[in-house]
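Okay, run-v9.cif now, which holds mmCIF, N, CA and C atoms:
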data_start
loop_
_atom_site.label_atom_id
_atom_site.label_comp_id
_atom_site.auth_asym_id
_atom_site.auth_seq_id
_atom_site.Cartn_x
_atom_site.Cartn_y
_atom_site.Cartn_z
N MET A 912 130.97 13.08 110.37
CA MET A 912 132.04 12.09 110.45
C MET A 912 131.56 10.93 111.31
N ILE A 913 131.77 9.72 110.82
CA ILE A 913 131.35 8.51 111.54
C ILE A 913 132.54 7.97 112.32
N ASN A 914 132.31 7.71 113.60
CA ASN A 914 133.35 7.11 114.43
C ASN A 914 133.37 5.61 114.22
N THR A 915 134.51 5.10 113.84
CA THR A 915 134.70 3.68 113.63
C THR A 915 135.48 3.12 114.80
N PRO A 916 134.99 2.04 115.40
CA PRO A 916 135.74 1.45 116.51
C PRO A 916 137.14 1.01 116.06
N VAL A 917 138.09 1.15 116.96
CA VAL A 917 139.48 0.79 116.67
C VAL A 917 139.72 -0.63 117.18
N VAL A 918 140.47 -1.41 116.43
CA VAL A 918 140.76 -2.78 116.84
C VAL A 918 141.71 -2.76 118.04
N ALA A 919 141.64 -3.81 118.84
CA ALA A 919 142.38 -3.85 120.11
C ALA A 919 143.79 -4.40 119.97
N HIS A 920 144.21 -4.79 118.77
CA HIS A 920 145.52 -5.43 118.66
C HIS A 920 146.66 -4.47 118.28
N ARG A 921 146.37 -3.20 118.11
CA ARG A 921 147.43 -2.23 117.81
C ARG A 921 147.59 -1.31 119.01
N PHE A 922 148.63 -1.55 119.78
CA PHE A 922 148.86 -0.71 120.95
C PHE A 922 150.34 -0.70 121.29
N MET A 923 150.70 0.25 122.14
CA MET A 923 152.08 0.40 122.57
C MET A 923 152.04 0.83 124.03
N VAL A 924 153.03 0.37 124.81
CA VAL A 924 153.11 0.72 126.23
C VAL A 924 154.47 1.39 126.48
N ASN A 925 154.44 2.57 127.06
CA ASN A 925 155.66 3.31 127.38
C ASN A 925 155.79 3.46 128.89
N PHE A 926 157.00 3.31 129.40
CA PHE A 926 157.29 3.46 130.82
C PHE A 926 158.22 4.64 131.02
N MET A 927 157.97 5.39 132.09
CA MET A 927 158.84 6.51 132.46
C MET A 927 159.25 6.30 133.91
N PHE A 928 160.57 6.20 134.15
CA PHE A 928 161.12 6.13 135.50
C PHE A 928 161.88 7.42 135.74
N ASN A 929 161.46 8.20 136.74
CA ASN A 929 162.07 9.51 137.01
C ASN A 929 162.11 10.37 135.76
N ALA A 930 161.01 10.39 135.02
CA ALA A 930 160.87 11.16 133.78
C ALA A 930 161.82 10.73 132.67
N ILE A 931 162.42 9.54 132.81
CA ILE A 931 163.30 8.99 131.78
C ILE A 931 162.59 7.79 131.15
N PRO A 932 162.36 7.82 129.83
CA PRO A 932 161.64 6.71 129.19
C PRO A 932 162.50 5.45 129.08
N ALA A 933 161.82 4.31 129.10
CA ALA A 933 162.47 3.03 128.80
C ALA A 933 162.09 2.72 127.34
N PRO A 934 162.85 3.23 126.37
CA PRO A 934 162.42 3.26 124.97
C PRO A 934 162.26 1.91 124.30
N LEU A 935 162.94 0.89 124.74
CA LEU A 935 162.87 -0.40 124.05
C LEU A 935 161.77 -1.30 124.59
N ASP A 936 161.16 -0.94 125.69
CA ASP A 936 160.14 -1.77 126.32
C ASP A 936 158.75 -1.28 125.98
N ILE A 937 158.36 -1.42 124.74
CA ILE A 937 157.05 -0.92 124.31
C ILE A 937 156.14 -2.03 123.79
N ALA A 938 156.68 -3.20 123.53
CA ALA A 938 155.91 -4.27 122.91
C ALA A 938 155.43 -5.28 123.94
N PHE A 939 154.12 -5.47 123.98
CA PHE A 939 153.51 -6.47 124.85
C PHE A 939 152.47 -7.23 124.05
N GLN A 940 152.26 -8.46 124.43
CA GLN A 940 151.28 -9.31 123.76
C GLN A 940 149.87 -8.98 124.24
N ARG A 941 149.75 -8.66 125.52
CA ARG A 941 148.44 -8.42 126.11
C ARG A 941 148.57 -7.41 127.25
N VAL A 942 147.57 -6.53 127.34
CA VAL A 942 147.45 -5.58 128.44
C VAL A 942 146.03 -5.69 128.97
N SER A 943 145.90 -5.86 130.28
CA SER A 943 144.57 -5.89 130.89
C SER A 943 144.61 -5.20 132.24
N GLY A 944 143.45 -4.88 132.77
CA GLY A 944 143.35 -4.27 134.08
C GLY A 944 143.18 -2.77 134.06
N LEU A 945 142.90 -2.20 132.91
CA LEU A 945 142.60 -0.77 132.86
C LEU A 945 141.18 -0.59 133.37
N SER A 946 141.06 -0.26 134.63
CA SER A 946 139.72 -0.11 135.20
C SER A 946 139.73 0.89 136.34
N ARG A 947 138.56 1.42 136.59
CA ARG A 947 138.38 2.38 137.66
C ARG A 947 136.95 2.20 138.16
N GLU A 948 136.79 2.18 139.47
CA GLU A 948 135.47 1.99 140.05
C GLU A 948 135.27 2.98 141.19
N LEU A 949 134.12 3.61 141.21
CA LEU A 949 133.78 4.54 142.27
C LEU A 949 133.08 3.77 143.38
N GLU A 950 133.67 3.80 144.55
CA GLU A 950 133.05 3.16 145.72
C GLU A 950 132.02 4.12 146.27
N VAL A 951 130.82 3.62 146.53
CA VAL A 951 129.73 4.46 147.04
C VAL A 951 129.14 3.86 148.30
N SER A 952 128.48 4.71 149.07
CA SER A 952 127.74 4.23 150.24
C SER A 952 126.32 4.74 150.13
N GLN A 953 125.41 3.97 150.67
CA GLN A 953 124.00 4.32 150.61
C GLN A 953 123.63 5.14 151.83
N TYR A 954 122.91 6.23 151.58
CA TYR A 954 122.43 7.07 152.67
C TYR A 954 120.91 7.06 152.62
N ARG A 955 120.31 6.74 153.74
CA ARG A 955 118.85 6.68 153.79
C ARG A 955 118.35 7.86 154.61
N GLU A 956 117.54 8.65 153.95
CA GLU A 956 116.96 9.79 154.64
C GLU A 956 115.75 9.31 155.44
N GLY A 957 115.56 9.89 156.60
CA GLY A 957 114.45 9.50 157.46
C GLY A 957 113.10 9.71 156.79
N GLY A 958 112.27 8.68 156.81
CA GLY A 958 110.93 8.76 156.25
C GLY A 958 110.86 8.57 154.75
N GLU A 959 111.98 8.51 154.05
CA GLU A 959 111.98 8.34 152.58
C GLU A 959 112.26 6.88 152.26
N ASN A 960 111.25 6.16 151.78
CA ASN A 960 111.39 4.74 151.49
C ASN A 960 111.43 4.43 150.00
N ALA A 961 111.11 5.40 149.15
CA ALA A 961 110.99 5.15 147.71
C ALA A 961 112.29 5.36 146.95
N ARG A 962 113.25 6.11 147.52
CA ARG A 962 114.47 6.42 146.79
C ARG A 962 115.70 6.16 147.66
N ASN A 963 116.80 5.92 146.98
CA ASN A 963 118.09 5.79 147.65
C ASN A 963 118.97 6.96 147.26
N LEU A 964 119.76 7.41 148.20
CA LEU A 964 120.74 8.45 147.93
C LEU A 964 122.11 7.80 148.03
N TRP A 965 122.91 7.91 146.98
CA TRP A 965 124.24 7.30 146.95
C TRP A 965 125.29 8.38 147.08
N LEU A 966 126.24 8.18 147.99
CA LEU A 966 127.31 9.14 148.21
C LEU A 966 128.64 8.56 147.71
N ALA A 967 129.38 9.36 146.97
CA ALA A 967 130.68 8.93 146.45
C ALA A 967 131.68 8.85 147.60
N GLU A 968 132.43 7.78 147.67
CA GLU A 968 133.42 7.58 148.72
C GLU A 968 134.85 7.74 148.18
N LYS A 969 135.30 6.76 147.38
CA LYS A 969 136.66 6.82 146.84
C LYS A 969 136.71 6.05 145.53
N VAL A 970 137.79 6.26 144.80
CA VAL A 970 137.99 5.58 143.52
C VAL A 970 139.00 4.46 143.71
N ASN A 971 138.66 3.27 143.22
CA ASN A 971 139.57 2.13 143.24
C ASN A 971 140.00 1.82 141.82
N HIS A 972 141.29 1.56 141.65
CA HIS A 972 141.83 1.22 140.33
C HIS A 972 142.18 -0.27 140.30
N GLY A 973 142.14 -0.84 139.11
CA GLY A 973 142.49 -2.24 138.94
C GLY A 973 143.99 -2.46 138.99
N SER A 974 144.38 -3.68 138.80
CA SER A 974 145.80 -4.02 138.66
C SER A 974 146.10 -4.16 137.18
N LEU A 975 147.13 -3.47 136.73
CA LEU A 975 147.52 -3.55 135.33
C LEU A 975 148.33 -4.82 135.13
N LEU A 976 147.92 -5.65 134.20
CA LEU A 976 148.63 -6.89 133.90
C LEU A 976 149.18 -6.80 132.48
N LEU A 977 150.50 -6.94 132.35
CA LEU A 977 151.18 -6.89 131.05
C LEU A 977 151.79 -8.25 130.77
N GLU A 978 151.59 -8.76 129.57
CA GLU A 978 152.14 -10.07 129.20
C GLU A 978 152.92 -9.94 127.90
N ARG A 979 154.06 -10.63 127.88
CA ARG A 979 154.87 -10.69 126.66
C ARG A 979 155.83 -11.86 126.75
N GLY A 980 156.39 -12.21 125.62
CA GLY A 980 157.36 -13.28 125.59
C GLY A 980 158.63 -12.89 126.33
N VAL A 981 159.27 -13.87 126.95
CA VAL A 981 160.51 -13.64 127.66
C VAL A 981 161.59 -13.26 126.66
N THR A 982 162.28 -12.16 126.95
CA THR A 982 163.38 -11.69 126.10
C THR A 982 164.60 -11.45 126.99
N THR A 983 165.62 -10.90 126.40
CA THR A 983 166.82 -10.57 127.19
C THR A 983 166.47 -9.46 128.17
N ALA A 984 167.31 -9.29 129.17
CA ALA A 984 167.08 -8.26 130.18
C ALA A 984 167.02 -6.88 129.53
N SER A 985 166.18 -6.01 130.09
CA SER A 985 166.02 -4.66 129.56
C SER A 985 165.96 -3.70 130.75
N ILE A 986 165.84 -2.42 130.45
CA ILE A 986 165.72 -1.41 131.50
C ILE A 986 164.51 -1.72 132.38
N LEU A 987 163.39 -2.07 131.75
CA LEU A 987 162.17 -2.35 132.48
C LEU A 987 162.30 -3.57 133.38
N THR A 988 162.80 -4.68 132.84
CA THR A 988 162.91 -5.89 133.66
C THR A 988 163.94 -5.71 134.77
N ALA A 989 165.00 -4.97 134.51
CA ALA A 989 165.99 -4.71 135.56
C ALA A 989 165.39 -3.86 136.67
N GLN A 990 164.60 -2.86 136.31
CA GLN A 990 163.96 -2.00 137.31
C GLN A 990 162.93 -2.79 138.13
N PHE A 991 162.11 -3.60 137.46
CA PHE A 991 161.13 -4.42 138.17
C PHE A 991 161.83 -5.38 139.12
N ASP A 992 162.93 -5.96 138.67
CA ASP A 992 163.67 -6.90 139.51
C ASP A 992 164.17 -6.21 140.78
N ARG A 993 164.70 -4.99 140.65
CA ARG A 993 165.18 -4.25 141.82
C ARG A 993 164.05 -3.95 142.81
N VAL A 994 162.90 -3.57 142.29
CA VAL A 994 161.76 -3.27 143.16
C VAL A 994 161.27 -4.54 143.86
N LEU A 995 161.13 -5.61 143.11
CA LEU A 995 160.59 -6.84 143.70
C LEU A 995 161.59 -7.57 144.60
N ARG A 996 162.86 -7.19 144.55
CA ARG A 996 163.83 -7.71 145.52
C ARG A 996 164.01 -6.74 146.68
N ARG A 997 163.22 -5.67 146.69
CA ARG A 997 163.21 -4.64 147.74
C ARG A 997 164.53 -3.88 147.83
N GLU A 998 165.23 -3.76 146.70
CA GLU A 998 166.44 -2.95 146.65
C GLU A 998 166.12 -1.49 146.37
N SER A 999 164.93 -1.23 145.85
CA SER A 999 164.54 0.12 145.51
C SER A 999 163.02 0.19 145.48
N THR A 1000 162.48 1.35 145.73
CA THR A 1000 161.05 1.58 145.52
C THR A 1000 160.96 2.63 144.44
N GLN A 1001 160.71 2.18 143.25
CA GLN A 1001 160.71 3.06 142.09
C GLN A 1001 159.35 2.98 141.40
N TRP A 1002 158.59 4.06 141.48
CA TRP A 1002 157.31 4.11 140.79
C TRP A 1002 157.55 4.48 139.33
N ALA A 1003 156.64 4.08 138.50
CA ALA A 1003 156.72 4.41 137.08
C ALA A 1003 155.43 5.09 136.65
N ASN A 1004 155.53 5.93 135.65
CA ASN A 1004 154.36 6.42 134.96
C ASN A 1004 154.27 5.61 133.68
N VAL A 1005 153.08 5.15 133.37
CA VAL A 1005 152.88 4.26 132.23
C VAL A 1005 151.91 4.93 131.26
N VAL A 1006 152.27 4.93 129.99
CA VAL A 1006 151.41 5.49 128.95
C VAL A 1006 151.07 4.36 127.98
N ILE A 1007 149.78 4.09 127.85
CA ILE A 1007 149.31 3.04 126.93
C ILE A 1007 148.59 3.75 125.78
N LEU A 1008 149.05 3.48 124.57
CA LEU A 1008 148.49 4.12 123.39
C LEU A 1008 147.76 3.09 122.54
N LEU A 1009 146.51 3.36 122.22
CA LEU A 1009 145.77 2.56 121.26
C LEU A 1009 145.95 3.23 119.91
N LEU A 1010 146.39 2.46 118.92
CA LEU A 1010 146.77 3.01 117.62
C LEU A 1010 145.76 2.66 116.53
N ASN A 1011 145.61 3.53 115.56
CA ASN A 1011 144.75 3.23 114.42
C ASN A 1011 145.54 2.48 113.35
N GLU A 1012 144.94 2.28 112.20
CA GLU A 1012 145.59 1.51 111.13
C GLU A 1012 146.83 2.19 110.59
N ASN A 1013 146.99 3.49 110.82
CA ASN A 1013 148.19 4.22 110.40
C ASN A 1013 149.21 4.35 111.53
N ARG A 1014 148.99 3.62 112.61
CA ARG A 1014 149.85 3.61 113.79
C ARG A 1014 149.91 4.96 114.50
N LEU A 1015 148.81 5.73 114.38
CA LEU A 1015 148.68 7.01 115.08
C LEU A 1015 147.82 6.80 116.32
N PRO A 1016 148.15 7.45 117.42
CA PRO A 1016 147.37 7.27 118.66
C PRO A 1016 145.94 7.78 118.51
N VAL A 1017 145.00 6.97 118.98
CA VAL A 1017 143.59 7.33 118.97
C VAL A 1017 143.13 7.59 120.40
N THR A 1018 143.53 6.74 121.30
CA THR A 1018 143.20 6.86 122.72
C THR A 1018 144.47 6.61 123.53
N THR A 1019 144.61 7.36 124.61
CA THR A 1019 145.78 7.22 125.47
C THR A 1019 145.33 7.12 126.92
N TRP A 1020 145.88 6.13 127.62
CA TRP A 1020 145.67 6.00 129.06
C TRP A 1020 147.00 6.30 129.72
N THR A 1021 147.00 7.20 130.69
CA THR A 1021 148.20 7.52 131.45
C THR A 1021 147.99 7.08 132.88
N LEU A 1022 148.85 6.19 133.35
CA LEU A 1022 148.77 5.67 134.71
C LEU A 1022 149.90 6.28 135.52
N SER A 1023 149.57 6.86 136.66
CA SER A 1023 150.61 7.50 137.46
C SER A 1023 150.94 6.67 138.69
N HIS A 1024 152.19 6.76 139.09
CA HIS A 1024 152.70 6.09 140.29
C HIS A 1024 152.39 4.59 140.27
N ALA A 1025 152.75 3.93 139.19
CA ALA A 1025 152.57 2.48 139.09
C ALA A 1025 153.73 1.78 139.79
N LEU A 1026 153.41 0.78 140.57
CA LEU A 1026 154.41 0.04 141.33
C LEU A 1026 154.31 -1.43 140.97
N PRO A 1027 155.41 -2.06 140.58
CA PRO A 1027 155.37 -3.50 140.29
C PRO A 1027 155.07 -4.28 141.56
N VAL A 1028 154.09 -5.19 141.49
CA VAL A 1028 153.74 -5.98 142.66
C VAL A 1028 153.88 -7.49 142.42
N ARG A 1029 153.98 -7.88 141.14
CA ARG A 1029 154.13 -9.31 140.85
C ARG A 1029 154.78 -9.48 139.49
N TRP A 1030 155.66 -10.47 139.41
CA TRP A 1030 156.31 -10.83 138.17
C TRP A 1030 156.26 -12.35 138.09
N GLN A 1031 155.63 -12.87 137.08
CA GLN A 1031 155.45 -14.32 136.98
C GLN A 1031 155.91 -14.80 135.61
N VAL A 1032 156.67 -15.88 135.61
CA VAL A 1032 157.13 -16.49 134.37
C VAL A 1032 156.26 -17.72 134.12
N GLY A 1033 155.86 -17.93 132.87
CA GLY A 1033 155.04 -19.08 132.52
C GLY A 1033 155.76 -20.40 132.78
N ASP A 1034 155.05 -21.48 132.54
CA ASP A 1034 155.58 -22.82 132.78
C ASP A 1034 156.65 -23.19 131.76
N LEU A 1035 157.73 -23.77 132.26
CA LEU A 1035 158.74 -24.37 131.40
C LEU A 1035 158.25 -25.79 131.10
N ASP A 1036 158.04 -26.09 129.82
CA ASP A 1036 157.43 -27.36 129.44
C ASP A 1036 158.16 -27.94 128.23
N ALA A 1037 158.91 -29.01 128.45
CA ALA A 1037 159.69 -29.63 127.38
C ALA A 1037 158.83 -30.26 126.30
N SER A 1038 157.56 -30.52 126.59
CA SER A 1038 156.70 -31.18 125.60
C SER A 1038 155.91 -30.19 124.74
N SER A 1039 156.12 -28.89 124.94
CA SER A 1039 155.39 -27.92 124.11
C SER A 1039 156.37 -27.08 123.31
N ASN A 1040 155.83 -26.39 122.33
CA ASN A 1040 156.64 -25.52 121.48
C ASN A 1040 156.04 -24.11 121.49
N THR A 1041 155.74 -23.59 122.70
CA THR A 1041 155.12 -22.28 122.81
C THR A 1041 156.11 -21.27 123.37
N VAL A 1042 155.79 -20.01 123.18
CA VAL A 1042 156.63 -18.92 123.68
C VAL A 1042 156.48 -18.84 125.20
N LEU A 1043 157.59 -18.70 125.90
CA LEU A 1043 157.58 -18.52 127.34
C LEU A 1043 157.12 -17.09 127.64
N ILE A 1044 156.10 -16.95 128.50
CA ILE A 1044 155.46 -15.65 128.75
C ILE A 1044 155.82 -15.11 130.13
N ASN A 1045 156.20 -13.82 130.15
CA ASN A 1045 156.37 -13.06 131.39
C ASN A 1045 155.06 -12.33 131.66
N SER A 1046 154.58 -12.38 132.89
CA SER A 1046 153.43 -11.59 133.31
C SER A 1046 153.89 -10.60 134.36
N LEU A 1047 153.65 -9.33 134.12
CA LEU A 1047 154.04 -8.27 135.03
C LEU A 1047 152.78 -7.58 135.53
N GLU A 1048 152.63 -7.50 136.85
CA GLU A 1048 151.46 -6.86 137.44
C GLU A 1048 151.89 -5.59 138.17
N LEU A 1049 151.14 -4.51 137.94
CA LEU A 1049 151.41 -3.23 138.58
C LEU A 1049 150.13 -2.71 139.23
N ARG A 1050 150.28 -2.02 140.33
CA ARG A 1050 149.18 -1.28 140.95
C ARG A 1050 149.47 0.19 140.69
N TYR A 1051 148.43 0.94 140.37
CA TYR A 1051 148.64 2.34 140.04
C TYR A 1051 147.71 3.24 140.84
N GLN A 1052 148.15 4.49 141.00
CA GLN A 1052 147.45 5.44 141.84
C GLN A 1052 146.31 6.15 141.09
N ASP A 1053 146.55 6.50 139.84
CA ASP A 1053 145.55 7.26 139.10
C ASP A 1053 145.62 6.90 137.62
N MET A 1054 144.49 7.06 136.92
CA MET A 1054 144.42 6.79 135.49
C MET A 1054 143.72 7.97 134.82
N ARG A 1055 144.34 8.47 133.76
CA ARG A 1055 143.76 9.56 132.95
C ARG A 1055 143.53 9.03 131.55
N LEU A 1056 142.40 9.36 130.98
CA LEU A 1056 142.04 8.95 129.63
C LEU A 1056 142.03 10.18 128.74
N LEU A 1057 142.76 10.12 127.61
CA LEU A 1057 142.86 11.25 126.69
C LEU A 1057 142.52 10.81 125.27
N GLY A 1058 141.94 11.70 124.51
CA GLY A 1058 141.74 11.49 123.09
C GLY A 1058 140.89 10.30 122.75
N THR A 1059 139.83 10.08 123.46
CA THR A 1059 139.01 8.91 123.21
C THR A 1059 137.96 9.19 122.14
N THR A 1060 137.58 8.14 121.46
CA THR A 1060 136.50 8.24 120.48
C THR A 1060 135.26 7.55 121.00
N LEU A 1061 135.21 7.31 122.30
CA LEU A 1061 134.06 6.62 122.89
C LEU A 1061 132.85 7.50 122.91
#
Conversion result in structure tokens:
Amino acid sequence: MINTPVVAHRFMVNFMFNAIPAPLDIAFQRVSGLSRELEVSQYREGGENARNLWLAEKVNHGSLLLERGVTTASILTAQFDRVLRRESTQWANVVILLLNENRLPVTTWTLSHALPVRWQVGDLDASSNTVLINSLELRYQDMRLLGTTL
């Protein structure tokens, strides 16, 4: 069986607050920031000049950035608004699904304990005819990758 790369434009994002899904907030124009980096430190052994020994320190995760057109208020936007006004500290679990041509999941990223840290609305511009974009940024504690064809 030959693995065929999946296109990046078929995806869905699901949010869970207290194990309750926000079912209508699945459509986004762009998702970025799925990253993980292992921080390392160099250890030099006495008398050894030809090799380096690298020790694993900790894992750093990126900031998840979600973009979509401004719509009416939803469960997700109401929850983000409460967190960013400091009325509540509500973490979310986020599931991002990459879909194949039949809209079946091929790869899934699960982000745990995601916290909204920034919400930005695009420019209001009377001279343009473009969609107004909301940008939502989250920081997350952990990322799990499932069902990958990589």
Inset, instruction - Considering only N, CA and C atoms, return as a list in words whatever protein or nucleic-acid residues lie within 8 Å of A:Asp1034, sequence-local ones (same chain, fewer than 6 positions apart) excluded. - result: Val1042, Leu1043 and Ile1044 of chain A
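In this structure, atom C of A:Thr1041 sits 15.9 Å away from atom N of A:Phe939.
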Inset, instruction - Please write as a list in words the full residue list that the PyMOL selection byres ((chain A and resi 961-974) around 7) yields on this file. - result: Ser943, Gly944, Leu945, Ser946, Arg947, Glu948, Leu949, Glu950, Val951, Ser952, Gln953, Tyr954, Arg955, Glu956, Gly958, Glu959, Asn960, Leu975, Leu976, Glu1048, Leu1049, Arg1050, Tyr1051 and Gln1052 of chain A
Name the residues that the PyMOL selection byres (((chain A and resi 925-929 and name CA) around 9) and name CA) picks from the file above, as a PDB file with N, CA and C atoms, keeping the file's coordinate frame, using the file's chain letters and numbers.
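Result written to selection03.pdb:
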ATOM      1  N   MET A 923     150.700   0.250 122.140  1.00  0.00           N
ATOM      2  CA  MET A 923     152.080   0.400 122.570  1.00  0.00           C
ATOM      3  C   MET A 923     152.040   0.830 124.030  1.00  0.00           C
ATOM      4  N   VAL A 924     153.030   0.370 124.810  1.00  0.00           N
ATOM      5  CA  VAL A 924     153.110   0.720 126.230  1.00  0.00           C
ATOM      6  C   VAL A 924     154.470   1.390 126.480  1.00  0.00           C
ATOM      7  N   ALA A 930     161.010  10.390 135.020  1.00  0.00           N
ATOM      8  CA  ALA A 930     160.870  11.160 133.780  1.00  0.00           C
ATOM      9  C   ALA A 930     161.820  10.730 132.670  1.00  0.00           C
ATOM     10  N   ILE A 931     162.420   9.540 132.810  1.00  0.00           N
ATOM     11  CA  ILE A 931     163.300   8.990 131.780  1.00  0.00           C
ATOM     12  C   ILE A 931     162.590   7.790 131.150  1.00  0.00           C
ATOM     13  N   PRO A 932     162.360   7.820 129.830  1.00  0.00           N
ATOM     14  CA  PRO A 932     161.640   6.710 129.190  1.00  0.00           C
ATOM     15  C   PRO A 932     162.500   5.450 129.080  1.00  0.00           C
ATOM     16  N   ALA A 933     161.820   4.310 129.100  1.00  0.00           N
ATOM     17  CA  ALA A 933     162.470   3.030 128.800  1.00  0.00           C
ATOM     18  C   ALA A 933     162.090   2.720 127.340  1.00  0.00           C
ATOM     19  N   PRO A 934     162.850   3.230 126.370  1.00  0.00           N
ATOM     20  CA  PRO A 934     162.420   3.260 124.970  1.00  0.00           C
ATOM     21  C   PRO A 934     162.260   1.910 124.300  1.00  0.00           C
ATOM     22  N   LEU A 935     162.940   0.890 124.740  1.00  0.00           N
ATOM     23  CA  LEU A 935     162.870  -0.400 124.050  1.00  0.00           C
ATOM     24  C   LEU A 935     161.770  -1.300 124.590  1.00  0.00           C
ATOM     25  N   ASP A 936     161.160  -0.940 125.690  1.00  0.00           N
ATOM     26  CA  ASP A 936     160.140  -1.770 126.320  1.00  0.00           C
ATOM     27  C   ASP A 936     158.750  -1.280 125.980  1.00  0.00           C
ATOM     28  N   ILE A 937     158.360  -1.420 124.740  1.00  0.00           N
ATOM     29  CA  ILE A 937     157.050  -0.920 124.310  1.00  0.00           C
ATOM     30  C   ILE A 937     156.140  -2.030 123.790  1.00  0.00           C
ATOM     31  N   ALA A 938     156.680  -3.200 123.530  1.00  0.00           N
ATOM     32  CA  ALA A 938     155.910  -4.270 122.910  1.00  0.00           C
ATOM     33  C   ALA A 938     155.430  -5.280 123.940  1.00  0.00           C
ATOM     34  N   LEU A 987     163.390  -2.070 131.750  1.00  0.00           N
ATOM     35  CA  LEU A 987     162.170  -2.350 132.480  1.00  0.00           C
ATOM     36  C   LEU A 987     162.300  -3.570 133.380  1.00  0.00           C
ATOM     37  N   GLN A 990     164.600  -2.860 136.310  1.00  0.00           N
ATOM     38  CA  GLN A 990     163.960  -2.000 137.310  1.00  0.00           C
ATOM     39  C   GLN A 990     162.930  -2.790 138.130  1.00  0.00           C
ATOM     40  N   GLN A1001     160.710   2.180 143.250  1.00  0.00           N
ATOM     41  CA  GLN A1001     160.710   3.060 142.090  1.00  0.00           C
ATOM     42  C   GLN A1001     159.350   2.980 141.400  1.00  0.00           C
ATOM     43  N   TRP A1002     158.590   4.060 141.480  1.00  0.00           N
ATOM     44  CA  TRP A1002     157.310   4.110 140.790  1.00  0.00           C
ATOM     45  C   TRP A1002     157.550   4.480 139.330  1.00  0.00           C
ATOM     46  N   ALA A1003     156.640   4.080 138.500  1.00  0.00           N
ATOM     47  CA  ALA A1003     156.720   4.410 137.080  1.00  0.00           C
ATOM     48  C   ALA A1003     155.430   5.090 136.650  1.00  0.00           C
ATOM     49  N   ASN A1004     155.530   5.930 135.650  1.00  0.00           N
ATOM     50  CA  ASN A1004     154.360   6.420 134.960  1.00  0.00           C
ATOM     51  C   ASN A1004     154.270   5.610 133.680  1.00  0.00           C
ATOM     52  N   VAL A1005     153.080   5.150 133.370  1.00  0.00           N
ATOM     53  CA  VAL A1005     152.880   4.260 132.230  1.00  0.00           C
ATOM     54  C   VAL A1005     151.910   4.930 131.260  1.00  0.00           C
ATOM     55  N   VAL A1006     152.270   4.930 129.990  1.00  0.00           N
ATOM     56  CA  VAL A1006     151.410   5.490 128.950  1.00  0.00           C
ATOM     57  C   VAL A1006     151.070   4.360 127.980  1.00  0.00           C
ATOM     58  N   ILE A1007     149.780   4.090 127.850  1.00  0.00           N
ATOM     59  CA  ILE A1007     149.310   3.040 126.930  1.00  0.00           C
ATOM     60  C   ILE A1007     148.590   3.750 125.780  1.00  0.00           C
ATOM     61  N   LEU A1008     149.050   3.480 124.570  1.00  0.00           N
ATOM     62  CA  LEU A1008     148.490   4.120 123.390  1.00  0.00           C
ATOM     63  C   LEU A1008     147.760   3.090 122.540  1.00  0.00           C
TER      64      LEU A1008
END
Legend entry - strand (DSSP E or B) residues, from DSSP on the backbone, in stretch 918-1036 of chain A, as a PyMOL selection string: chain A and resi 922-928+931-932+941-943+947-954+964-972+974-980+1003-1010+1016-1032
Inset, instruction - Have a look at A:Val942, A:Val1032, A:Ala1025, A:Met1054 and name the one nearest to A:Glu978; count all atoms listed in the file. - result: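 Under the stated criterion, the closest residue is A:Val942.
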Legend entry - Picked residues, the PyMOL selection byres ((chain A and resi 981) around 5), as a VMD selection string: chain A and resid 979 to 980 982 to 983 1043 to 1045
Generate a file of the selected residues that holds N, CA and C atoms, formatted as a PDB file, in the frame of the given file.
ATOM      1  N   ARG A 979     154.060 -10.630 127.880  1.00  0.00           N
ATOM      2  CA  ARG A 979     154.870 -10.690 126.660  1.00  0.00           C
ATOM      3  C   ARG A 979     155.830 -11.860 126.750  1.00  0.00           C
ATOM      4  N   GLY A 980     156.390 -12.210 125.620  1.00  0.00           N
ATOM      5  CA  GLY A 980     157.360 -13.280 125.590  1.00  0.00           C
ATOM      6  C   GLY A 980     158.630 -12.890 126.330  1.00  0.00           C
ATOM      7  N   THR A 982     162.280 -12.160 126.950  1.00  0.00           N
ATOM      8  CA  THR A 982     163.380 -11.690 126.100  1.00  0.00           C
ATOM      9  C   THR A 982     164.600 -11.450 126.990  1.00  0.00           C
ATOM     10  N   THR A 983     165.620 -10.900 126.400  1.00  0.00           N
ATOM     11  CA  THR A 983     166.820 -10.570 127.190  1.00  0.00           C
ATOM     12  C   THR A 983     166.470  -9.460 128.170  1.00  0.00           C
ATOM     13  N   LEU A1043     157.590 -18.700 125.900  1.00  0.00           N
ATOM     14  CA  LEU A1043     157.580 -18.520 127.340  1.00  0.00           C
ATOM     15  C   LEU A1043     157.120 -17.090 127.640  1.00  0.00           C
ATOM     16  N   ILE A1044     156.100 -16.950 128.500  1.00  0.00           N
ATOM     17  CA  ILE A1044     155.460 -15.650 128.750  1.00  0.00           C
ATOM     18  C   ILE A1044     155.820 -15.110 130.130  1.00  0.00           C
ATOM     19  N   ASN A1045     156.200 -13.820 130.150  1.00  0.00           N
ATOM     20  CA  ASN A1045     156.370 -13.060 131.390  1.00  0.00           C
ATOM     21  C   ASN A1045     155.060 -12.330 131.660  1.00  0.00           C
TER      22      ASN A1045
END
Inset, instruction - Taking the point (151.1, -10.5, 137.9) as given in the file, collect each protein or nucleic acid residue that comes within 6 Å of it, counting only C-alpha atoms, and present the set as a ChimeraX atom specification. - result: /A:976,1029-1031,1046-1048
Inset, instruction - Have a look at A:Asp992, A:Glu1012, A:Leu1035, A:Ala919 and name the one nearest to A:Arg941; count only C-alpha atoms. - result: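 Using only C-alpha atoms, the shortest distance to A:Arg941 belongs to A:Ala919.
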Inset, instruction - Work out how far apart atom C of A:Arg1055 and atom CA of A:Pro1016 are and give it in Å to one decimal. - result: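 So the two atoms, atom C of A:Arg1055 and atom CA of A:Pro1016, lie 13.6 Å apart.
The spacing separating atom C of A:Val918 from atom CA of A:Thr1018 amounts to 10.8 Å.
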Legend entry - Those in chain A with helix (DSSP H, G or I) from DSSP, as a ChimeraX atom specification: /A:986-995
